[in-house]
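Trainee: Coordinates in coords33.cif, mmCIF, C-alpha atoms, are listed below.
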data_model
#
loop_
_atom_site.label_atom_id
_atom_site.label_comp_id
_atom_site.auth_asym_id
_atom_site.auth_seq_id
_atom_site.Cartn_x
_atom_site.Cartn_y
_atom_site.Cartn_z
CA MET A 238 -4.42 18.00 1.64
CA MET A 239 -1.17 18.35 -0.30
CA LYS A 240 -1.20 16.83 -3.78
CA PHE A 241 1.70 14.55 -4.69
CA VAL A 242 1.49 12.64 -7.96
CA GLN A 243 2.20 8.92 -7.88
CA TRP A 244 -0.10 6.47 -9.65
CA SER A 245 -0.79 3.06 -8.22
CA CYS A 246 -2.04 0.67 -10.88
CA VAL A 247 -3.33 -2.86 -10.80
CA ALA A 248 -2.51 -4.94 -13.85
CA THR A 249 -3.23 -8.54 -14.76
CA LEU A 250 -0.66 -10.64 -16.57
CA MET A 251 -0.88 -14.15 -17.91
CA LEU A 252 1.48 -16.59 -19.56
CA ALA A 253 0.59 -16.97 -23.23
CA PRO A 254 -1.55 -20.06 -23.97
CA VAL A 255 -0.21 -22.85 -26.14
CA ALA A 256 -1.59 -22.37 -29.64
CA ALA A 257 -2.93 -25.92 -29.90
CA GLN A 258 -5.09 -25.38 -26.82
CA ALA A 259 -6.30 -21.88 -27.68
CA ASP A 260 -9.54 -22.97 -29.40
CA ASP A 261 -11.03 -24.73 -26.35
CA TRP A 262 -9.64 -22.43 -23.65
CA PRO A 263 -10.61 -22.58 -20.86
CA SER A 264 -11.48 -26.22 -20.40
CA ARG A 265 -10.57 -26.43 -16.69
CA MET A 266 -9.94 -24.39 -13.58
CA ILE A 267 -7.73 -21.29 -13.86
CA LYS A 268 -5.27 -20.43 -11.09
CA ALA A 269 -4.75 -16.76 -10.23
CA THR A 270 -1.84 -15.65 -8.05
CA ILE A 271 -1.78 -12.36 -6.16
CA PRO A 272 1.71 -11.54 -4.79
CA PHE A 273 0.39 -9.39 -1.92
CA GLY A 274 -1.56 -10.15 1.23
CA ALA A 275 -5.29 -10.79 1.48
CA GLY A 276 -7.30 -7.64 2.02
CA SER A 277 -4.89 -5.35 0.18
CA ALA A 278 -6.13 -3.22 -2.73
CA THR A 279 -4.21 -5.46 -5.14
CA ASP A 280 -6.08 -8.41 -3.65
CA VAL A 281 -9.61 -7.00 -3.41
CA VAL A 282 -9.96 -5.57 -6.93
CA PRO A 283 -8.76 -8.69 -8.83
CA ARG A 284 -10.96 -10.95 -6.70
CA ILE A 285 -14.03 -8.95 -7.71
CA VAL A 286 -13.04 -9.17 -11.38
CA PHE A 287 -12.08 -12.86 -11.26
CA GLU A 288 -15.33 -13.86 -9.61
CA ARG A 289 -17.33 -12.38 -12.48
CA LEU A 290 -14.83 -13.52 -15.11
CA GLY A 291 -15.11 -17.11 -13.89
CA VAL A 292 -18.87 -16.98 -14.44
CA GLU A 293 -18.42 -15.56 -17.94
CA LEU A 294 -15.81 -18.18 -18.88
CA GLY A 295 -17.69 -21.09 -17.32
CA GLN A 296 -14.65 -22.15 -15.30
CA PRO A 297 -13.69 -21.28 -11.72
CA ILE A 298 -10.76 -18.97 -11.07
CA VAL A 299 -9.07 -19.96 -7.81
CA VAL A 300 -7.06 -17.19 -6.15
CA GLU A 301 -3.90 -17.79 -4.12
CA ASN A 302 -1.92 -15.15 -2.21
CA ARG A 303 1.84 -15.69 -2.39
CA VAL A 304 3.55 -12.80 -0.64
CA GLY A 305 7.18 -11.73 -0.22
CA GLY A 306 9.99 -9.88 -1.94
CA GLY A 307 7.89 -6.89 -2.99
CA GLY A 308 5.73 -9.21 -5.07
CA SER A 309 8.64 -11.15 -6.60
CA VAL A 310 7.77 -14.46 -4.87
CA GLY A 311 4.33 -14.77 -6.43
CA THR A 312 5.52 -13.35 -9.74
CA GLY A 313 8.35 -15.90 -9.89
CA ALA A 314 5.89 -18.75 -9.35
CA ILE A 315 3.80 -17.65 -12.33
CA ALA A 316 6.85 -16.96 -14.49
CA LYS A 317 7.91 -20.59 -14.03
CA ALA A 318 4.43 -22.06 -14.54
CA GLU A 319 3.44 -24.07 -17.59
CA PRO A 320 2.69 -21.56 -20.41
CA ASP A 321 -0.77 -22.97 -21.10
CA GLY A 322 -2.95 -19.97 -20.24
CA TYR A 323 -4.15 -21.38 -16.91
CA SER A 324 -1.84 -19.31 -14.71
CA ILE A 325 -2.75 -15.66 -14.11
CA LEU A 326 -0.92 -13.03 -12.10
CA ALA A 327 -2.66 -9.94 -10.69
CA HIS A 328 0.02 -7.42 -9.76
CA SER A 329 0.42 -3.72 -8.99
CA SER A 330 2.63 -1.13 -10.67
CA ALA A 331 5.42 -2.53 -8.48
CA ILE A 332 6.01 -5.12 -11.20
CA ALA A 333 7.82 -2.40 -13.18
CA ILE A 334 9.93 -1.38 -10.19
CA THR A 335 10.92 -4.72 -8.70
CA PRO A 336 13.65 -5.58 -11.27
CA ALA A 337 15.52 -2.37 -10.37
CA ILE A 338 15.40 -3.18 -6.65
CA PHE A 339 16.08 -6.92 -6.91
CA PRO A 340 18.57 -7.26 -9.81
CA ASN A 341 18.96 -11.04 -9.40
CA LEU A 342 15.34 -12.05 -9.90
CA PRO A 343 14.89 -15.63 -11.19
CA TYR A 344 12.66 -14.35 -14.00
CA ASP A 345 12.55 -11.67 -16.71
CA THR A 346 9.35 -9.66 -16.55
CA SER A 347 9.45 -8.66 -20.22
CA LYS A 348 10.19 -12.20 -21.50
CA ASP A 349 8.45 -14.55 -19.07
CA LEU A 350 5.12 -12.73 -18.74
CA SER A 351 2.59 -11.33 -21.20
CA GLY A 352 0.44 -8.34 -20.30
CA VAL A 353 -3.32 -8.82 -20.73
CA LEU A 354 -5.15 -5.81 -19.31
CA MET A 355 -5.25 -3.11 -16.66
CA LEU A 356 -7.96 -3.58 -14.06
CA GLY A 357 -7.85 -0.04 -12.72
CA SER A 358 -5.86 2.63 -10.94
CA SER A 359 -6.00 3.88 -7.38
CA ALA A 360 -4.75 6.92 -5.52
CA ASN A 361 -2.64 6.42 -2.42
CA ILE A 362 -3.61 8.52 0.59
CA MET A 363 -1.16 9.31 3.37
CA ILE A 364 -2.86 8.50 6.66
CA VAL A 365 -1.61 9.08 10.20
CA PRO A 366 -2.86 7.90 13.62
CA ASN A 367 -5.42 10.09 15.34
CA ASP A 368 -3.22 10.44 18.41
CA ARG A 369 -0.57 12.36 16.46
CA PRO A 370 -0.70 16.18 16.75
CA TRP A 371 -0.40 16.81 13.00
CA ARG A 372 -3.49 18.43 11.49
CA THR A 373 -1.93 19.51 8.18
CA VAL A 374 0.94 18.38 6.00
CA GLN A 375 2.82 21.49 7.12
CA ASP A 376 2.49 20.32 10.74
CA PHE A 377 3.82 16.91 9.77
CA LEU A 378 6.78 18.25 7.80
CA ALA A 379 7.81 20.59 10.61
CA ALA A 380 7.84 17.67 13.05
CA ALA A 381 9.58 15.32 10.61
CA ARG A 382 12.34 17.84 9.87
CA ALA A 383 12.95 18.63 13.54
CA LYS A 384 16.25 17.60 15.09
CA GLY A 385 15.96 14.23 16.78
CA SER A 386 12.83 13.26 14.85
CA GLN A 387 12.22 9.50 14.66
CA ILE A 388 9.49 9.28 12.05
CA ASN A 389 8.66 5.86 10.58
CA PHE A 390 6.26 4.63 7.92
CA GLY A 391 4.78 1.34 6.78
CA SER A 392 4.36 -0.31 3.41
CA VAL A 393 3.37 -3.67 1.93
CA GLY A 394 6.95 -4.37 0.87
CA ILE A 395 10.07 -2.84 -0.64
CA GLY A 396 9.33 -1.51 -4.12
CA SER A 397 5.55 -1.58 -3.71
CA ALA A 398 3.57 1.40 -5.02
CA VAL A 399 2.80 2.54 -1.48
CA HIS A 400 6.50 2.35 -0.59
CA ILE A 401 7.50 4.42 -3.63
CA SER A 402 4.78 7.01 -2.83
CA ALA A 403 6.14 7.38 0.69
CA GLU A 404 9.76 7.64 -0.47
CA LYS A 405 8.94 10.27 -3.09
CA PHE A 406 7.07 12.29 -0.49
CA ARG A 407 9.94 11.92 1.99
CA LEU A 408 12.52 13.10 -0.54
CA ALA A 409 10.35 16.00 -1.70
CA GLY A 410 9.68 16.96 1.91
CA GLY A 411 13.35 16.82 2.88
CA PHE A 412 13.13 14.61 5.97
CA GLU A 413 14.45 11.25 7.14
CA ALA A 414 12.20 8.35 8.06
CA THR A 415 12.51 4.64 8.80
CA HIS A 416 10.75 2.25 6.42
CA VAL A 417 8.91 -0.65 8.07
CA PRO A 418 7.81 -3.25 5.48
CA TYR A 419 4.88 -5.58 6.23
CA ARG A 420 3.53 -8.69 4.58
CA GLY A 421 0.21 -7.06 3.74
CA GLY A 422 -2.04 -4.03 4.05
CA PRO A 423 -4.15 -5.25 7.00
CA GLU A 424 -1.03 -5.54 9.16
CA VAL A 425 -0.01 -1.95 8.31
CA ILE A 426 -3.51 -0.68 9.10
CA ALA A 427 -3.46 -2.47 12.45
CA ASP A 428 -0.24 -0.70 13.43
CA ILE A 429 -1.49 2.68 12.17
CA LEU A 430 -4.63 2.30 14.29
CA GLY A 431 -2.49 1.17 17.21
CA GLY A 432 -0.16 4.16 16.82
CA ARG A 433 2.93 2.02 16.29
CA ILE A 434 3.87 3.66 12.96
CA ASP A 435 3.58 7.31 11.98
CA PHE A 436 2.25 7.26 8.43
CA TYR A 437 1.20 5.00 5.58
CA PHE A 438 0.40 5.77 1.93
CA CYS A 439 -2.71 3.62 1.87
CA PRO A 440 -4.67 2.74 -1.30
CA SER A 441 -7.81 4.86 -1.43
CA SER A 442 -10.20 1.89 -1.43
CA THR A 443 -8.87 0.92 2.01
CA ALA A 444 -8.18 4.40 3.34
CA LEU A 445 -11.51 6.11 2.60
CA PRO A 446 -13.69 4.05 5.00
CA LEU A 447 -11.15 4.61 7.78
CA ILE A 448 -11.08 8.35 7.08
CA ARG A 449 -14.87 8.66 6.92
CA GLU A 450 -15.24 6.78 10.20
CA GLY A 451 -12.71 9.07 11.86
CA GLN A 452 -10.28 6.25 12.66
CA VAL A 453 -7.31 7.94 10.96
CA ARG A 454 -6.37 11.37 9.66
CA ALA A 455 -5.55 12.03 5.98
CA LEU A 456 -2.83 14.54 5.05
CA VAL A 457 -1.70 13.84 1.47
CA VAL A 458 -3.16 12.30 -1.69
CA SER A 459 -0.86 10.94 -4.40
CA THR A 460 -2.96 12.08 -7.37
CA GLU A 461 -3.89 15.49 -8.74
CA GLN A 462 -7.52 15.08 -7.68
#
Can the structure from this file be put into structure tokens for me?
Mentor:
Amino acid sequence: MMKFVQWSCVATLMLAPVAAQADDWPSRMIKATIPFGAGSATDVVPRIVFERLGVELGQPIVVENRVGGGGSVGTGAIAKAEPDGYSILAHSSAIAITPAIFPNLPYDTSKDLSGVLMLGSSANIMIVPNDRPWRTVQDFLAAARAKGSQINFGSVGIGSAVHISAEKFRLAGGFEATHVPYRGGPEVIADILGGRIDFYFCPSSTALPLIREGQVRALVVSTEQ
């Protein structure tokens, strides 16, 4: 598989707690917002962490998915929340890209949110339907560059890490393709399996089981290893 470097990170951010309440935090339920669809890599990893964290803190962490706008809908909800330490946002590296794509966001990432920790990083793997004739990345590029080619690709939203991975690959490969944004990863996978889109830079945690089971074909990985 061709190597194409593009990191996809998952970070957790939280509004800073009010100083007067810091000593007894947390004294009630914590609300966590994930701005991508259920079942996506940015949803699965935080849920695993929050489940254990809730046990350690002695308070439940309730997760809500608020999708849309490349993650800006859920992020905006947390940015406007009471700054008492009970609102958490689990986001991807798209949080650094969104302001450049949506210049009129109703929040300022650097001022309205405080970074807490990185939960991990994940490679994105370019997968294609099994019914496509491409066995190597060279096969794919030859087809994509051909006159009259109508290649398309899916993502979990404009500005998402998987979208940026696909665009960087497209530009480096010198071909045109139509971007089809979805509300979440499961919807993209369904259309890859159904052959309705040509490729998807899927997070490795989701892609690997599909590859091992022979449901899709992998051509490119976004990391050096």
Trainee: Using only C-alpha atoms, which residues of stretch 300-406 of chain A come within 6 Å of stretch 438-445 of chain A, and what is the closest atom pair for each, with the distance in Å to one decimal? Give it as a tab-separated table, sorted by chain and residue number.
Mentor:
residue	atom	partner	partner_atom	distance
A:Ala360	CA	A:Ser441	CA	5.5
A:Asn361	CA	A:Pro440	CA	4.3
A:Ile362	CA	A:Phe438	CA	5.0
A:Met363	CA	A:Phe438	CA	4.1
A:Val399	CA	A:Phe438	CA	5.3
Trainee: Expanded to explicit residues, what is the PyMOL selection byres ((chain A and resi 350) around 10) for this file, as a PyMOL selection string?
Mentor: chain A and resi 250-253+312-313+315-317+320+325-326+344-349+351-353
Trainee: For A:Ala455, list every protein, DNA or RNA residue within 10 Å, evaluated using all atoms listed in the file, and leave out those in the same chain fewer than 5 positions away; present the list as a list in words.
Mentor: Met238, Met239, Ile362, Met363, Ile364, Val365, Pro366, Asn367, Trp371, Arg372, Thr373, Val374, Phe436, Tyr437, Phe438, Cys439, Ala444, Leu445, Leu447, Ile448 and Arg449 of chain A
Trainee: Just how far from atom CA of A:Pro423 is atom CA of A:His328, in Å to one decimal?
Mentor: 17.4 Å
Trainee: Could you check the closest approach to A:Pro263 for each of A:Ala275, A:Leu294, A:Ile338, A:Val286 and tell me which residue wins, using only C-alpha atoms?
Mentor: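 Of all the options, A:Leu294 lies closest to A:Pro263.
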Trainee: Applying the PyMOL selection byres ((chain A and resi 272) around 10) to the file I just gave you, which residues come out? Please list them as a ChimeraX atom specification.
Mentor: /A:269-271,273-275,279-280,301-315,326-329,420-421
Trainee: Calculate how many Å separate atom CA of A:Val425 from atom CA of A:Arg289, rounding to one decimal.
Mentor: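 Separating atom CA of A:Val425 from atom CA of A:Arg289 is a distance of 29.0 Å.
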Trainee: Using all atoms listed in the file, which of the listed residues (A:Pro336, A:Pro370, A:Gly291, A:Gly276) sits closest to A:Gly396?
Mentor: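 Closest candidate: A:Pro336.
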Trainee: Any idea what's packed within 12 Å of A:Ser386, counting all atoms listed in the file, ignoring anything in its chain fewer than 3 positions away? Could you give it as a PyMOL selection string?
Mentor: chain A and resi 377-383+389+412-415+435
Trainee: May I ask for the distance between atom CA of A:Gly357 and atom CA of A:Arg284, given in Å to one decimal place?
Mentor: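 Atom-to-atom, atom CA of A:Gly357 and atom CA of A:Arg284 are spaced 12.8 Å apart.
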Trainee: Hey, which of A:Ser330, A:Val453, A:Ile267, A:Ala409 ends up closest to A:Leu290? Count only C-alpha atoms.
Mentor: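 Between A:Ser330, A:Val453, A:Ile267, A:Ala409, the residue approaching A:Leu290 most closely is A:Ile267.
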Trainee: Using all atoms listed in the file, which residue out of A:Met266, A:Gly422, A:Thr460, A:Ala398 lies closest to A:Ile334?
Mentor: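 With all atoms listed in the file as the atom set, the closest residue is A:Ala398.
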Trainee: With all atoms of stretch 319-331 of chain A from the file as input, state the centre and edge lengths in Å to one decimal of the axis-aligned box that has 5 Å extra on each side, as AutoDock Vina command-line options.
Mentor:
--center_x 0.6 --center_y -12.6 --center_z -14.8 --size_x 19.6 --size_y 32.9 --size_z 22.6
